[in-house]
Each structure stands twice: as C-alpha cells, then as structure tokens.
Amino acid sequence: MRKGGIAVAPPPIPLRERFASIEENMGPRVRGFVAAVIGLWPITAVVLLAFGLMWISMLQSSS
C-alpha cells in the first residue's frame, strides 16, 4: 500500500473477521470435529486423569 509515495503496511484485520474467514474455509467435517473437541474437553480431561491414576497405581503395585 502506498501513501504519499511511501510504502505503508495495510491496517490489521480485526480478530473477529479473521475468525469468520477461518470458519468459512473449514469444511463441515472439520467444523464438527472442532466443535466436538471444544465441547467435550471436560470429559477428555477426566478420562486422561483416570488413566494417569490407573497407570500410577499399576507402577506402585508392581514394585
């Protein structure tokens, strides 16, 4: 972009517009996967915690 003969960087795109363009470019499967991951993060955290506790208990009982 030129302004008065000097090269100037264009103004930054607002964050809301960036997210809107990213969402438009995703397909329905990717959008559904992202929605599921975001929506199910508490369940994922609990399951990972449970597996971690089981792993620790197996290590403690094996020695």
# chains A, B, ... in the order shown; residues from 1 in each chain; ligands from 1

call {"tool": "select_by_dssp", "arguments": {"residues": "chain A", "states": "alpha helix (DSSP H)", "output": "PyMOL selection string"}}
result
chain A and resi 15-25+28-39+41-62

call {"tool": "write_last_selection", "arguments": {"atoms": "N, CA and C atoms", "output": "CSV table (one decimal), in the first residue's frame"}}
result
chain,number,residue,atom,x,y,z
A,15,LEU,N,-9.8,-9.1,14.7
A,15,LEU,CA,-9.8,-10.5,15.1
A,15,LEU,C,-11.1,-11.2,14.7
A,16,ARG,N,-12.2,-10.5,14.9
A,16,ARG,CA,-13.5,-11.1,14.6
A,16,ARG,C,-13.6,-11.5,13.1
A,17,GLU,N,-13.1,-10.7,12.2
A,17,GLU,CA,-13.1,-11.0,10.8
A,17,GLU,C,-12.1,-12.2,10.5
A,18,ARG,N,-11.0,-12.2,11.2
A,18,ARG,CA,-10.1,-13.4,10.9
A,18,ARG,C,-10.7,-14.7,11.3
A,19,PHE,N,-11.4,-14.7,12.5
A,19,PHE,CA,-12.1,-16.0,12.9
A,19,PHE,C,-13.2,-16.3,11.9
A,20,ALA,N,-13.9,-15.3,11.4
A,20,ALA,CA,-15.0,-15.6,10.5
A,20,ALA,C,-14.5,-16.2,9.2
A,21,SER,N,-13.3,-15.7,8.7
A,21,SER,CA,-12.8,-16.2,7.5
A,21,SER,C,-12.2,-17.6,7.7
A,22,ILE,N,-11.7,-17.9,8.9
A,22,ILE,CA,-11.2,-19.3,9.1
A,22,ILE,C,-12.4,-20.2,9.2
A,23,GLU,N,-13.5,-19.8,9.8
A,23,GLU,CA,-14.6,-20.7,9.9
A,23,GLU,C,-15.3,-21.0,8.6
A,24,GLU,N,-15.2,-19.9,7.7
A,24,GLU,CA,-15.8,-20.1,6.4
A,24,GLU,C,-15.0,-21.1,5.5
A,25,ASN,N,-13.7,-21.1,5.7
A,25,ASN,CA,-12.8,-22.0,4.9
A,25,ASN,C,-12.8,-23.5,5.4
A,28,PRO,N,-17.4,-29.0,6.6
A,28,PRO,CA,-18.4,-29.4,7.7
A,28,PRO,C,-17.8,-30.5,8.6
A,29,ARG,N,-17.0,-31.4,8.1
A,29,ARG,CA,-16.4,-32.4,9.0
A,29,ARG,C,-15.4,-31.8,10.0
A,30,VAL,N,-14.5,-30.9,9.5
A,30,VAL,CA,-13.5,-30.2,10.3
A,30,VAL,C,-14.3,-29.4,11.4
A,31,ARG,N,-15.3,-28.7,11.0
A,31,ARG,CA,-16.0,-27.8,11.9
A,31,ARG,C,-16.7,-28.7,13.0
A,32,GLY,N,-17.2,-29.8,12.6
A,32,GLY,CA,-17.9,-30.7,13.6
A,32,GLY,C,-16.8,-31.3,14.5
A,33,PHE,N,-15.7,-31.6,14.0
A,33,PHE,CA,-14.6,-32.2,14.9
A,33,PHE,C,-14.2,-31.1,15.9
A,34,VAL,N,-13.9,-29.9,15.4
A,34,VAL,CA,-13.5,-28.9,16.3
A,34,VAL,C,-14.6,-28.6,17.4
A,35,ALA,N,-15.8,-28.6,17.0
A,35,ALA,CA,-16.9,-28.3,17.9
A,35,ALA,C,-17.0,-29.5,19.0
A,36,ALA,N,-16.8,-30.7,18.6
A,36,ALA,CA,-16.8,-31.8,19.5
A,36,ALA,C,-15.6,-31.7,20.5
A,37,VAL,N,-14.4,-31.4,20.0
A,37,VAL,CA,-13.3,-31.3,20.9
A,37,VAL,C,-13.5,-30.2,21.9
A,38,ILE,N,-14.0,-29.1,21.4
A,38,ILE,CA,-14.2,-27.9,22.4
A,38,ILE,C,-15.3,-28.3,23.4
A,39,GLY,N,-16.3,-28.9,22.9
A,39,GLY,CA,-17.5,-29.2,23.8
A,39,GLY,C,-17.2,-30.4,24.7
A,41,TRP,N,-14.2,-31.2,26.1
A,41,TRP,CA,-12.9,-31.2,26.8
A,41,TRP,C,-13.0,-31.6,28.3
A,42,PRO,N,-14.1,-31.3,29.0
A,42,PRO,CA,-14.1,-31.8,30.4
A,42,PRO,C,-14.1,-33.3,30.5
A,43,ILE,N,-14.8,-33.9,29.7
A,43,ILE,CA,-14.8,-35.4,29.7
A,43,ILE,C,-13.4,-36.0,29.3
A,44,THR,N,-12.8,-35.4,28.3
A,44,THR,CA,-11.4,-35.8,27.9
A,44,THR,C,-10.5,-35.6,29.1
A,45,ALA,N,-10.6,-34.5,29.8
A,45,ALA,CA,-9.7,-34.3,30.9
A,45,ALA,C,-9.9,-35.3,32.0
A,46,VAL,N,-11.1,-35.7,32.3
A,46,VAL,CA,-11.4,-36.6,33.4
A,46,VAL,C,-10.9,-38.0,33.0
A,47,VAL,N,-11.1,-38.4,31.7
A,47,VAL,CA,-10.6,-39.7,31.2
A,47,VAL,C,-9.1,-39.8,31.3
A,48,LEU,N,-8.4,-38.7,30.9
A,48,LEU,CA,-7.0,-38.7,30.9
A,48,LEU,C,-6.5,-38.8,32.4
A,49,LEU,N,-7.1,-38.1,33.3
A,49,LEU,CA,-6.8,-38.1,34.7
A,49,LEU,C,-7.0,-39.5,35.2
A,50,ALA,N,-8.1,-40.2,34.9
A,50,ALA,CA,-8.3,-41.6,35.3
A,50,ALA,C,-7.3,-42.5,34.8
A,51,PHE,N,-6.9,-42.4,33.6
A,51,PHE,CA,-5.8,-43.3,33.0
A,51,PHE,C,-4.5,-43.0,33.7
A,52,GLY,N,-4.2,-41.8,34.0
A,52,GLY,CA,-3.0,-41.4,34.7
A,52,GLY,C,-3.0,-42.0,36.1
A,53,LEU,N,-4.1,-42.0,36.8
A,53,LEU,CA,-4.1,-42.5,38.2
A,53,LEU,C,-4.0,-44.1,38.1
A,54,MET,N,-4.6,-44.7,37.1
A,54,MET,CA,-4.5,-46.1,37.0
A,54,MET,C,-3.1,-46.5,36.7
A,55,TRP,N,-2.4,-45.7,35.8
A,55,TRP,CA,-1.0,-46.0,35.5
A,55,TRP,C,-0.1,-45.9,36.7
A,56,ILE,N,-0.3,-44.9,37.5
A,56,ILE,CA,0.4,-44.7,38.7
A,56,ILE,C,0.2,-45.8,39.7
A,57,SER,N,-1.1,-46.2,39.9
A,57,SER,CA,-1.4,-47.3,40.8
A,57,SER,C,-0.7,-48.7,40.3
A,58,MET,N,-0.7,-48.9,39.0
A,58,MET,CA,0.0,-50.1,38.5
A,58,MET,C,1.4,-50.0,38.7
A,59,LEU,N,2.1,-48.9,38.6
A,59,LEU,CA,3.5,-48.8,38.8
A,59,LEU,C,3.8,-49.0,40.3
A,60,GLN,N,2.9,-48.5,41.2
A,60,GLN,CA,3.2,-48.6,42.6
A,60,GLN,C,3.0,-50.1,43.1
A,61,SER,N,2.0,-50.8,42.5
A,61,SER,CA,1.8,-52.1,43.0
A,61,SER,C,2.7,-53.2,42.4
A,62,SER,N,3.4,-52.8,41.3
A,62,SER,CA,4.3,-53.7,40.7
A,62,SER,C,5.7,-53.9,41.4

call {"tool": "select_by_dssp", "arguments": {"residues": "chain A", "states": "strand (DSSP E)", "output": "list of chain:residue names"}}
result
A:Arg2, A:Lys3, A:Ile6, A:Ala7

call {"tool": "write_last_selection", "arguments": {"atoms": "C-alpha atoms", "output": "mmCIF file, in the first residue's frame"}}
result
data_model
loop_
_atom_site.group_PDB
_atom_site.id
_atom_site.type_symbol
_atom_site.label_atom_id
_atom_site.label_comp_id
_atom_site.auth_asym_id
_atom_site.auth_seq_id
_atom_site.Cartn_x
_atom_site.Cartn_y
_atom_site.Cartn_z
ATOM 1 C CA ARG A 2 1.343 3.441 -0.864
ATOM 2 C CA LYS A 3 0.527 6.658 0.873
ATOM 3 C CA ILE A 6 5.850 5.908 0.879
ATOM 4 C CA ALA A 7 5.176 2.197 1.276
#

call {"tool": "decode", "arguments": {"residues": "region 32-61 of chain A", "atoms": "N, CA and C atoms", "output": "tab-separated table (two decimals), in the first residue's frame"}}
result
chain	number	residue	atom	x	y	z
A	32	GLY	N	-17.24	-29.81	12.59
A	32	GLY	CA	-17.86	-30.71	13.56
A	32	GLY	C	-16.85	-31.29	14.53
A	33	PHE	N	-15.68	-31.65	14.02
A	33	PHE	CA	-14.62	-32.19	14.89
A	33	PHE	C	-14.16	-31.14	15.89
A	34	VAL	N	-13.94	-29.92	15.44
A	34	VAL	CA	-13.50	-28.85	16.34
A	34	VAL	C	-14.58	-28.57	17.38
A	35	ALA	N	-15.83	-28.57	16.98
A	35	ALA	CA	-16.92	-28.34	17.93
A	35	ALA	C	-16.98	-29.45	18.97
A	36	ALA	N	-16.76	-30.69	18.56
A	36	ALA	CA	-16.78	-31.81	19.50
A	36	ALA	C	-15.62	-31.73	20.47
A	37	VAL	N	-14.44	-31.40	19.98
A	37	VAL	CA	-13.27	-31.30	20.86
A	37	VAL	C	-13.46	-30.19	21.88
A	38	ILE	N	-13.96	-29.06	21.45
A	38	ILE	CA	-14.17	-27.94	22.37
A	38	ILE	C	-15.30	-28.29	23.36
A	39	GLY	N	-16.34	-28.92	22.89
A	39	GLY	CA	-17.47	-29.23	23.75
A	39	GLY	C	-17.21	-30.36	24.73
A	40	LEU	N	-16.32	-31.29	24.38
A	40	LEU	CA	-16.08	-32.45	25.22
A	40	LEU	C	-14.77	-32.39	26.01
A	41	TRP	N	-14.15	-31.22	26.13
A	41	TRP	CA	-12.87	-31.16	26.82
A	41	TRP	C	-12.96	-31.56	28.28
A	42	PRO	N	-14.06	-31.30	29.01
A	42	PRO	CA	-14.07	-31.75	30.41
A	42	PRO	C	-14.06	-33.28	30.53
A	43	ILE	N	-14.79	-33.95	29.66
A	43	ILE	CA	-14.82	-35.41	29.69
A	43	ILE	C	-13.44	-35.96	29.33
A	44	THR	N	-12.79	-35.36	28.33
A	44	THR	CA	-11.45	-35.80	27.94
A	44	THR	C	-10.48	-35.63	29.09
A	45	ALA	N	-10.56	-34.52	29.80
A	45	ALA	CA	-9.67	-34.28	30.93
A	45	ALA	C	-9.88	-35.31	32.03
A	46	VAL	N	-11.12	-35.65	32.32
A	46	VAL	CA	-11.42	-36.64	33.36
A	46	VAL	C	-10.91	-38.02	32.96
A	47	VAL	N	-11.09	-38.39	31.71
A	47	VAL	CA	-10.62	-39.70	31.24
A	47	VAL	C	-9.10	-39.76	31.30
A	48	LEU	N	-8.42	-38.72	30.88
A	48	LEU	CA	-6.95	-38.71	30.95
A	48	LEU	C	-6.46	-38.78	32.39
A	49	LEU	N	-7.14	-38.07	33.29
A	49	LEU	CA	-6.79	-38.14	34.70
A	49	LEU	C	-6.98	-39.54	35.24
A	50	ALA	N	-8.08	-40.19	34.88
A	50	ALA	CA	-8.34	-41.55	35.35
A	50	ALA	C	-7.27	-42.52	34.83
A	51	PHE	N	-6.90	-42.41	33.56
A	51	PHE	CA	-5.84	-43.28	33.03
A	51	PHE	C	-4.51	-43.01	33.72
A	52	GLY	N	-4.22	-41.77	34.01
A	52	GLY	CA	-2.99	-41.43	34.72
A	52	GLY	C	-2.97	-42.03	36.12
A	53	LEU	N	-4.08	-41.95	36.84
A	53	LEU	CA	-4.15	-42.53	38.18
A	53	LEU	C	-4.03	-44.05	38.13
A	54	MET	N	-4.64	-44.68	37.12
A	54	MET	CA	-4.50	-46.13	36.98
A	54	MET	C	-3.06	-46.51	36.69
A	55	TRP	N	-2.41	-45.73	35.83
A	55	TRP	CA	-1.01	-46.01	35.49
A	55	TRP	C	-0.13	-45.89	36.73
A	56	ILE	N	-0.35	-44.86	37.53
A	56	ILE	CA	0.44	-44.68	38.74
A	56	ILE	C	0.20	-45.83	39.73
A	57	SER	N	-1.06	-46.24	39.87
A	57	SER	CA	-1.36	-47.34	40.79
A	57	SER	C	-0.73	-48.66	40.30
A	58	MET	N	-0.69	-48.88	38.99
A	58	MET	CA	-0.04	-50.08	38.46
A	58	MET	C	1.45	-50.04	38.72
A	59	LEU	N	2.06	-48.88	38.58
A	59	LEU	CA	3.51	-48.77	38.85
A	59	LEU	C	3.80	-48.98	40.34
A	60	GLN	N	2.93	-48.48	41.20
A	60	GLN	CA	3.16	-48.62	42.64
A	60	GLN	C	2.98	-50.07	43.10
A	61	SER	N	2.03	-50.77	42.53
A	61	SER	CA	1.76	-52.13	42.96
A	61	SER	C	2.72	-53.15	42.37
